[in-house]
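final07.cif (mmCIF, C-alpha atoms) appears below.
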data_run
loop_
_atom_site.label_atom_id
_atom_site.label_comp_id
_atom_site.auth_asym_id
_atom_site.auth_seq_id
_atom_site.Cartn_x
_atom_site.Cartn_y
_atom_site.Cartn_z
CA MET C 1 -37.74 171.00 2.82
CA GLN C 2 -38.70 167.90 4.76
CA ARG C 3 -38.81 164.64 2.88
CA GLU C 4 -41.88 162.45 2.76
CA SER C 5 -41.65 158.78 3.64
CA GLN C 6 -42.44 157.98 0.02
CA SER C 7 -39.11 159.48 -1.04
CA TYR C 8 -37.31 157.19 1.41
CA LEU C 9 -39.09 154.23 -0.14
CA SER C 10 -37.89 155.36 -3.56
CA GLU C 11 -34.34 155.58 -2.27
CA ALA C 12 -34.71 152.15 -0.69
CA ARG C 13 -35.86 150.74 -4.03
CA GLN C 14 -32.76 152.16 -5.71
CA ILE C 15 -30.51 150.63 -3.04
CA ILE C 16 -32.12 147.22 -3.48
CA ARG C 17 -31.75 147.43 -7.25
CA LYS C 18 -28.04 148.14 -6.85
CA THR C 19 -27.52 145.08 -4.65
CA PRO C 20 -28.84 142.14 -6.71
CA ASN C 21 -26.53 139.75 -4.87
CA LEU C 22 -28.18 140.48 -1.51
CA ILE C 23 -31.80 140.61 -2.62
CA GLY C 24 -31.14 137.56 -4.78
CA VAL C 25 -30.18 135.54 -1.70
CA LEU C 26 -33.43 136.52 0.03
CA VAL C 27 -35.61 135.67 -2.97
CA VAL C 28 -33.89 132.33 -3.60
CA TYR C 29 -34.14 131.33 0.04
CA THR C 30 -37.80 132.30 0.08
CA GLY C 31 -38.38 130.02 -2.88
CA VAL C 32 -36.63 127.20 -1.04
CA LEU C 33 -38.70 127.85 2.08
CA GLY C 34 -41.88 127.57 0.03
CA LEU C 35 -40.96 124.17 -1.37
CA PRO C 36 -42.38 122.05 1.50
CA GLY C 37 -45.95 123.23 0.93
CA PHE C 38 -45.63 123.09 -2.83
CA LEU C 39 -44.17 119.58 -2.79
CA LEU C 40 -46.74 118.29 -0.33
CA ASP C 41 -49.50 119.54 -2.62
CA ASN C 42 -47.72 118.07 -5.65
CA PRO C 43 -46.11 114.86 -4.33
CA THR C 44 -43.49 112.91 -6.26
CA HIS C 45 -41.16 110.07 -5.35
CA TRP C 46 -38.41 112.57 -4.48
CA SER C 47 -40.53 115.30 -2.88
CA GLN C 48 -40.07 113.96 0.65
CA GLY C 49 -36.31 114.38 0.49
CA LEU C 50 -36.59 117.90 -0.90
CA THR C 51 -39.11 118.79 1.77
CA ILE C 52 -36.63 117.81 4.48
CA VAL C 53 -33.91 119.87 2.80
CA ALA C 54 -36.28 122.85 2.54
CA MET C 55 -37.17 122.60 6.22
CA ILE C 56 -33.49 122.61 7.15
CA ALA C 57 -33.03 125.65 4.91
CA HIS C 58 -35.89 127.32 6.78
CA GLY C 59 -33.94 127.11 10.01
CA VAL C 60 -30.77 128.40 8.37
CA PHE C 61 -32.66 131.29 6.80
CA SER C 62 -34.42 132.31 9.99
CA LEU C 63 -31.36 132.13 12.22
CA ILE C 64 -28.52 133.15 9.91
CA VAL C 65 -29.38 134.47 6.45
CA TYR C 66 -32.17 136.85 7.47
CA PRO C 67 -30.13 138.69 10.16
CA VAL C 68 -27.06 138.92 7.94
CA ILE C 69 -28.81 140.28 4.84
CA TYR C 70 -30.80 142.81 6.84
CA GLY C 71 -27.66 143.78 8.73
CA LYS C 72 -25.85 144.47 5.47
CA TYR C 73 -28.71 146.67 4.26
CA ALA C 74 -28.64 148.51 7.59
CA ASP C 75 -24.93 149.14 6.99
CA ILE C 76 -25.74 150.60 3.58
CA ALA C 77 -28.43 152.82 5.12
CA VAL C 78 -26.01 154.30 7.65
CA ASP C 79 -23.49 154.79 4.83
CA GLN C 80 -20.81 152.54 6.21
CA LYS C 81 -18.84 149.63 4.80
CA GLN C 82 -20.78 146.39 4.80
CA ARG C 83 -19.66 144.18 7.64
CA SER C 84 -18.81 140.53 7.26
CA TRP C 85 -21.35 137.82 8.05
CA ASN C 86 -19.36 136.96 11.15
CA ASP C 87 -19.37 140.54 12.46
CA ILE C 88 -23.12 140.91 12.01
CA LEU C 89 -23.90 137.58 13.65
CA ARG C 90 -21.55 138.32 16.54
CA ASN C 91 -22.78 141.86 17.22
CA ASP C 92 -26.45 141.89 16.20
CA TRP C 93 -27.76 138.32 16.12
CA TRP C 94 -28.75 137.98 19.77
CA ASN C 95 -30.30 141.44 19.96
CA LEU C 96 -32.38 140.78 16.84
CA PHE C 97 -33.46 137.38 18.13
CA VAL C 98 -34.64 138.80 21.46
CA VAL C 99 -36.46 141.74 19.86
CA ASN C 100 -38.24 139.45 17.40
CA ILE C 101 -39.34 137.16 20.23
CA VAL C 102 -40.64 140.08 22.31
CA LEU C 103 -42.48 141.68 19.38
CA ASN C 104 -44.10 138.41 18.34
CA LEU C 105 -44.83 137.11 21.83
CA PRO C 106 -48.56 138.05 21.65
CA VAL C 107 -48.89 136.06 18.42
CA LEU C 108 -47.15 133.07 19.98
CA ILE C 109 -49.50 133.24 22.97
CA ILE C 110 -52.58 133.27 20.73
CA GLU C 111 -51.25 130.33 18.73
CA SER C 112 -50.52 128.39 21.92
CA ILE C 113 -54.03 129.00 23.22
CA GLY C 114 -55.41 127.88 19.87
CA VAL C 115 -53.45 124.63 20.07
CA VAL C 116 -54.68 123.93 23.60
CA MET C 117 -58.29 124.73 22.71
CA GLU C 118 -58.00 123.00 19.32
CA THR C 119 -59.30 126.04 17.48
CA GLN C 120 -57.96 128.81 15.29
CA PHE C 121 -58.30 132.45 16.27
CA GLN C 122 -57.83 133.78 12.76
CA LEU C 123 -59.17 137.31 13.23
CA PRO C 124 -57.48 137.96 16.61
CA LYS C 125 -54.27 136.50 15.25
CA LEU C 126 -54.46 138.73 12.17
CA LEU C 127 -55.07 141.84 14.25
CA VAL C 128 -52.32 141.07 16.74
CA SER C 129 -49.87 140.12 13.98
CA SER C 130 -50.62 143.41 12.26
CA ALA C 131 -49.92 145.38 15.43
CA CYS C 132 -46.70 143.47 16.14
CA SER C 133 -45.48 144.00 12.58
CA LEU C 134 -46.25 147.72 12.76
CA PHE C 135 -44.31 148.09 16.00
CA GLY C 136 -41.39 146.40 14.28
CA ILE C 137 -41.20 148.92 11.42
CA TYR C 138 -38.68 151.06 13.29
CA ALA C 139 -37.75 148.68 16.12
CA ILE C 140 -36.02 146.14 13.86
CA PRO C 141 -33.80 148.69 12.06
CA LEU C 142 -32.94 150.24 15.42
CA VAL C 143 -31.50 146.91 16.56
CA PHE C 144 -28.76 147.32 13.95
CA ILE C 145 -28.39 151.07 14.44
CA MET C 146 -28.49 151.31 18.25
CA LYS C 147 -27.12 147.84 19.07
CA GLU C 148 -29.71 147.56 21.85
CA ARG C 149 -32.73 145.42 22.69
CA VAL C 150 -35.14 147.18 25.07
CA GLY C 151 -34.09 150.60 23.79
CA SER C 152 -34.79 149.58 20.19
CA ILE C 153 -38.31 148.40 21.02
CA SER C 154 -39.28 151.41 23.13
CA LEU C 155 -37.86 153.97 20.71
CA GLY C 156 -39.22 152.08 17.71
CA VAL C 157 -42.76 152.12 19.09
CA LYS C 158 -42.38 155.79 20.04
CA CYS C 159 -41.18 156.66 16.55
CA LEU C 160 -44.16 154.94 14.97
CA LEU C 161 -46.86 156.33 17.25
CA GLY C 162 -45.39 159.83 17.21
CA ASN C 163 -45.05 159.90 13.43
CA LEU C 164 -47.95 157.76 12.28
CA SER C 165 -49.07 160.09 9.50
CA PHE C 166 -45.52 160.50 8.20
CA SER C 167 -45.08 156.71 8.20
CA ARG C 168 -48.37 155.96 6.42
CA TYR C 169 -46.71 154.42 3.34
CA LEU C 170 -44.59 152.14 5.51
CA VAL C 171 -47.68 151.22 7.52
CA PHE C 172 -49.65 150.40 4.37
CA LEU C 173 -46.92 148.18 2.93
CA THR C 174 -46.40 146.43 6.26
CA LEU C 175 -50.10 145.64 6.55
CA LEU C 176 -50.07 144.45 2.94
CA VAL C 177 -47.28 142.01 3.80
CA VAL C 178 -49.24 140.70 6.80
CA PHE C 179 -52.51 140.30 4.88
CA VAL C 180 -50.84 138.56 1.94
CA GLY C 181 -49.08 136.25 4.37
CA PHE C 182 -52.39 135.29 5.93
CA ALA C 183 -54.06 134.90 2.55
CA ILE C 184 -51.48 132.48 1.16
CA SER C 185 -51.57 130.44 4.38
CA SER C 186 -55.21 129.45 3.72
CA PRO C 187 -55.26 127.39 0.51
CA PRO C 188 -58.55 126.46 -1.22
CA LYS C 189 -60.00 122.99 -0.67
CA SER C 190 -60.23 122.22 -4.38
CA LEU C 191 -57.39 119.92 -5.47
CA VAL C 192 -57.00 121.60 -8.86
CA LEU C 193 -57.05 125.09 -7.38
CA GLY C 194 -54.77 123.87 -4.61
CA HIS C 195 -51.99 123.06 -7.07
CA LEU C 196 -52.29 126.47 -8.70
CA TRP C 197 -52.53 128.13 -5.29
CA SER C 198 -49.27 126.54 -4.19
CA PHE C 199 -47.45 128.09 -7.12
CA VAL C 200 -49.13 131.48 -6.71
CA SER C 201 -48.34 131.44 -2.99
CA LEU C 202 -44.69 130.76 -3.73
CA VAL C 203 -44.49 133.72 -6.11
CA ALA C 204 -46.42 135.94 -3.68
CA ALA C 205 -44.06 135.00 -0.85
CA MET C 206 -41.08 136.10 -2.94
CA ALA C 207 -42.77 139.43 -3.70
CA VAL C 208 -43.61 139.93 -0.03
CA VAL C 209 -39.95 139.46 0.92
CA VAL C 210 -38.93 142.26 -1.43
CA ILE C 211 -41.65 144.58 -0.10
CA ASP C 212 -40.74 143.85 3.51
CA LEU C 213 -37.08 144.52 2.77
CA GLY C 214 -38.01 147.80 1.10
CA VAL C 215 -39.85 148.89 4.24
CA PHE C 216 -36.86 147.92 6.38
CA VAL C 217 -34.38 149.87 4.24
CA ALA C 218 -36.68 152.91 4.05
CA ALA C 219 -37.21 152.86 7.83
CA SER C 220 -33.45 152.60 8.33
CA LEU C 221 -32.87 155.61 6.08
CA ILE C 222 -35.52 157.59 7.95
CA LEU C 223 -34.00 156.76 11.33
CA VAL C 224 -30.48 157.66 10.23
CA ASP C 225 -31.76 160.94 8.80
CA LYS C 226 -34.01 161.88 11.71
CA LEU C 227 -32.32 160.54 14.82
CA ALA C 228 -29.77 163.36 14.69
CA VAL C 229 -32.61 165.88 15.09
CA GLY C 230 -34.50 164.02 17.79
CA PHE C 231 -36.71 161.77 15.70
CA GLY C 232 -37.82 159.87 18.76
CA ALA C 233 -38.71 163.00 20.66
CA GLN C 234 -40.60 165.01 18.08
CA LYS C 235 -42.63 164.65 14.96
CA VAL C 236 -40.79 164.75 11.66
#

Do you think you could lay out the structure here as structure tokens?
Amino acid sequence: MQRESQSYLSEARQIIRKTPNLIGVLVVYTGVLGLPGFLLDNPTHWSQGLTIVAMIAHGVFSLIVYPVIYGKYADIAVDQKQRSWNDILRNDWWNLFVVNIVLNLPVLIIESIGVVMETQFQLPKLLVSSACSLFGIYAIPLVFIMKERVGSISLGVKCLLGNLSFSRYLVFLTLLVVFVGFAISSPPKSLVLGHLWSFVSLVAAMAVVVIDLGVFVAASLILVDKLAVGFGAQKV
């Protein structure tokens, strides 16, 4: 009997629950990354220093922590021993960096045009971001599984488009992550509500990280299970 994508999500949830050390790092770093906005909305005499620290942490998270944690979960999905941070960074970091740039290039172009024209293309940006995130559902896990760049993107897109119905739960959760991300990036103008919004946004960002990780682990499990029977060439 063929498994539904929902069962892979359930398995992914169990894996995440069994690795509190890894998911804990992601959640804590997300909280740190959210400090700049929270501190700017709630200034104190020491908030400027913490904001600088949080911004530095943002760079560390994006370039080091994120690839390593996701790489370790990919190792778990393929049922192999978790590699060291050094091994993951040496073997997968550049491939992941390139794939992320390629997938998000349309968003970067829209943002650049918006800066030049001094306007915000919120709806186009939302739609393009949604499409880019959907294409990354399988492409990002494939970076760790295939150890390739172009091949991961092409096969990842093919897997999604050829198995769209099967992947509907992953698609829904991915779109949820994108929409929540856009929602928390537009705070209300009210000062009182703004303070509350900063806190709510911080909590929402932490929840989004867990959801996004769940999609990644589930997609990795699906790929490992289906690639052996030609997942990229036929519907599951």

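With CA of Tyr29 (chain C) on one side and CA of Ala205 (chain C) on the other, the separation reads 10.6 Å.
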
Between CA of Ser198 (chain C) and CA of Leu175 (chain C), what is the distance, to one decimal in Å?
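Between CA of Ser198 (chain C) and CA of Leu175 (chain C) the gap works out to 21.9 Å.
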
Restricting the calculation to all atoms listed in the file, which member of C:Val150, C:Leu22, C:Val157, C:Cys132 is positioned closest to Gln82 (chain C)?
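When distances to Gln82 (chain C) are compared using all atoms listed in the file, the smallest one comes from C:Leu22.
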
Where's the centre, and what are the edge lengths in Å to one decimal, of a box along x, y and z enclosing all listed atoms of region 213-224 of chain C padded 8 Å per side, as AutoDock Vina command-line options?
--center_x -35.2 --center_y 151.1 --center_z 6.2 --size_x 25.4 --size_y 29.1 --size_z 26.2

Can you work out which one of C:Ile15, C:Leu9, C:Leu164, C:Val78 has the shortest atom-to-atom distance to Leu134 (chain C), counting all atoms listed in the file?
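Comparing C:Ile15, C:Leu9, C:Leu164, C:Val78 against Leu134 (chain C), the winner is C:Leu164.
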
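CA of Lys158 (chain C) sits 14.3 Å away from CA of Ser133 (chain C).
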
Residue members of the PyMOL selection byres ((chain C and resi 142) around 10) in the file shown, as a PyMOL selection string
chain C and resi 74+96+136-141+143-149+151-153+155-156+219-220+223-224

Would you output that residue set with C-alpha atoms, as a JSON list (two decimals), in the coordinates of the input?
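Okay, selection_19.json is ready:
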[["chain", "number", "residue", "atom", "x", "y", "z"],
["C", 74, "ALA", "CA", -28.64, 148.51, 7.59],
["C", 96, "LEU", "CA", -32.38, 140.78, 16.84],
["C", 136, "GLY", "CA", -41.39, 146.40, 14.28],
["C", 137, "ILE", "CA", -41.20, 148.92, 11.42],
["C", 138, "TYR", "CA", -38.68, 151.06, 13.29],
["C", 139, "ALA", "CA", -37.75, 148.68, 16.12],
["C", 140, "ILE", "CA", -36.02, 146.14, 13.86],
["C", 141, "PRO", "CA", -33.80, 148.69, 12.06],
["C", 143, "VAL", "CA", -31.50, 146.91, 16.56],
["C", 144, "PHE", "CA", -28.76, 147.32, 13.95],
["C", 145, "ILE", "CA", -28.39, 151.07, 14.44],
["C", 146, "MET", "CA", -28.49, 151.31, 18.25],
["C", 147, "LYS", "CA", -27.12, 147.84, 19.07],
["C", 148, "GLU", "CA", -29.71, 147.56, 21.85],
["C", 149, "ARG", "CA", -32.73, 145.42, 22.69],
["C", 151, "GLY", "CA", -34.09, 150.60, 23.79],
["C", 152, "SER", "CA", -34.79, 149.58, 20.19],
["C", 153, "ILE", "CA", -38.31, 148.40, 21.02],
["C", 155, "LEU", "CA", -37.86, 153.97, 20.71],
["C", 156, "GLY", "CA", -39.22, 152.08, 17.71],
["C", 219, "ALA", "CA", -37.21, 152.86, 7.83],
["C", 220, "SER", "CA", -33.45, 152.60, 8.33],
["C", 223, "LEU", "CA", -34.00, 156.76, 11.33],
["C", 224, "VAL", "CA", -30.48, 157.66, 10.23]]

Give me the result of the PyMOL selection byres ((chain C and resi 176) around 12) on this file, residue by residue, as a ChimeraX atom specification.
/C:126,129-130,133-134,169-175,177-183,204-205,207-209,211-212,215

Atoms kept (C-alpha atoms) for selection, written as a compact mmCIF listing (two decimals), in the coordinates of the input:
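Listing of selection-v6.txt after writing:
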# COMPACT_ATOMS: atom_id res chain seq x y z
CA LEU C 126 -54.46 138.73 12.17
CA SER C 129 -49.87 140.12 13.98
CA SER C 130 -50.62 143.41 12.26
CA SER C 133 -45.48 144.00 12.58
CA LEU C 134 -46.25 147.72 12.76
CA TYR C 169 -46.71 154.42 3.34
CA LEU C 170 -44.59 152.14 5.51
CA VAL C 171 -47.68 151.22 7.52
CA PHE C 172 -49.65 150.40 4.37
CA LEU C 173 -46.92 148.18 2.93
CA THR C 174 -46.40 146.43 6.26
CA LEU C 175 -50.10 145.64 6.55
CA VAL C 177 -47.28 142.01 3.80
CA VAL C 178 -49.24 140.70 6.80
CA PHE C 179 -52.51 140.30 4.88
CA VAL C 180 -50.84 138.56 1.94
CA GLY C 181 -49.08 136.25 4.37
CA PHE C 182 -52.39 135.29 5.93
CA ALA C 183 -54.06 134.90 2.55
CA ALA C 204 -46.42 135.94 -3.68
CA ALA C 205 -44.06 135.00 -0.85
CA ALA C 207 -42.77 139.43 -3.70
CA VAL C 208 -43.61 139.93 -0.03
CA VAL C 209 -39.95 139.46 0.92
CA ILE C 211 -41.65 144.58 -0.10
CA ASP C 212 -40.74 143.85 3.51
CA VAL C 215 -39.85 148.89 4.24

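Each of C:Lys18, C:Ser185, C:Trp93, C:Asp79 was checked against Leu221 (chain C) using only C-alpha atoms; the smallest atom-to-atom distance is that of C:Asp79.
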
Applying the PyMOL selection byres ((chain C and resi 102-110) around 8) to the file I just gave you, which residues come out? Please list them as a PDB file with C-alpha atoms, keeping the file's coordinate frame.
ATOM      1  CA  VAL C  98     -34.640 138.800  21.460  1.00  0.00           C
ATOM      2  CA  VAL C  99     -36.460 141.740  19.860  1.00  0.00           C
ATOM      3  CA  ASN C 100     -38.240 139.450  17.400  1.00  0.00           C
ATOM      4  CA  ILE C 101     -39.340 137.160  20.230  1.00  0.00           C
ATOM      5  CA  GLU C 111     -51.250 130.330  18.730  1.00  0.00           C
ATOM      6  CA  SER C 112     -50.520 128.390  21.920  1.00  0.00           C
ATOM      7  CA  ILE C 113     -54.030 129.000  23.220  1.00  0.00           C
ATOM      8  CA  GLY C 114     -55.410 127.880  19.870  1.00  0.00           C
ATOM      9  CA  PHE C 121     -58.300 132.450  16.270  1.00  0.00           C
ATOM     10  CA  PRO C 124     -57.480 137.960  16.610  1.00  0.00           C
ATOM     11  CA  LYS C 125     -54.270 136.500  15.250  1.00  0.00           C
ATOM     12  CA  VAL C 128     -52.320 141.070  16.740  1.00  0.00           C
ATOM     13  CA  SER C 129     -49.870 140.120  13.980  1.00  0.00           C
ATOM     14  CA  CYS C 132     -46.700 143.470  16.140  1.00  0.00           C
ATOM     15  CA  SER C 133     -45.480 144.000  12.580  1.00  0.00           C
ATOM     16  CA  PHE C 135     -44.310 148.090  16.000  1.00  0.00           C
ATOM     17  CA  GLY C 136     -41.390 146.400  14.280  1.00  0.00           C
TER      18      GLY C 136
END

Counting all atoms listed in the file, which of C:Ser5, C:Asn95, C:Val65, C:Tyr73 gets nearest to Thr19 (chain C)?
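Looking at the shortest contact to Thr19 (chain C), the residue is C:Tyr73.
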
Nearest residue to Leu26 (chain C) out of C:Ile69, C:Leu196, C:Ile64, C:Cys159, using all atoms listed in the file?
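Closest candidate: C:Ile69.
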
With distances taken over all atoms listed in the file, which of C:Ile222, C:Ser154, C:Gly24, C:Gln122 is nearest to Phe166 (chain C)?
C:Ile222
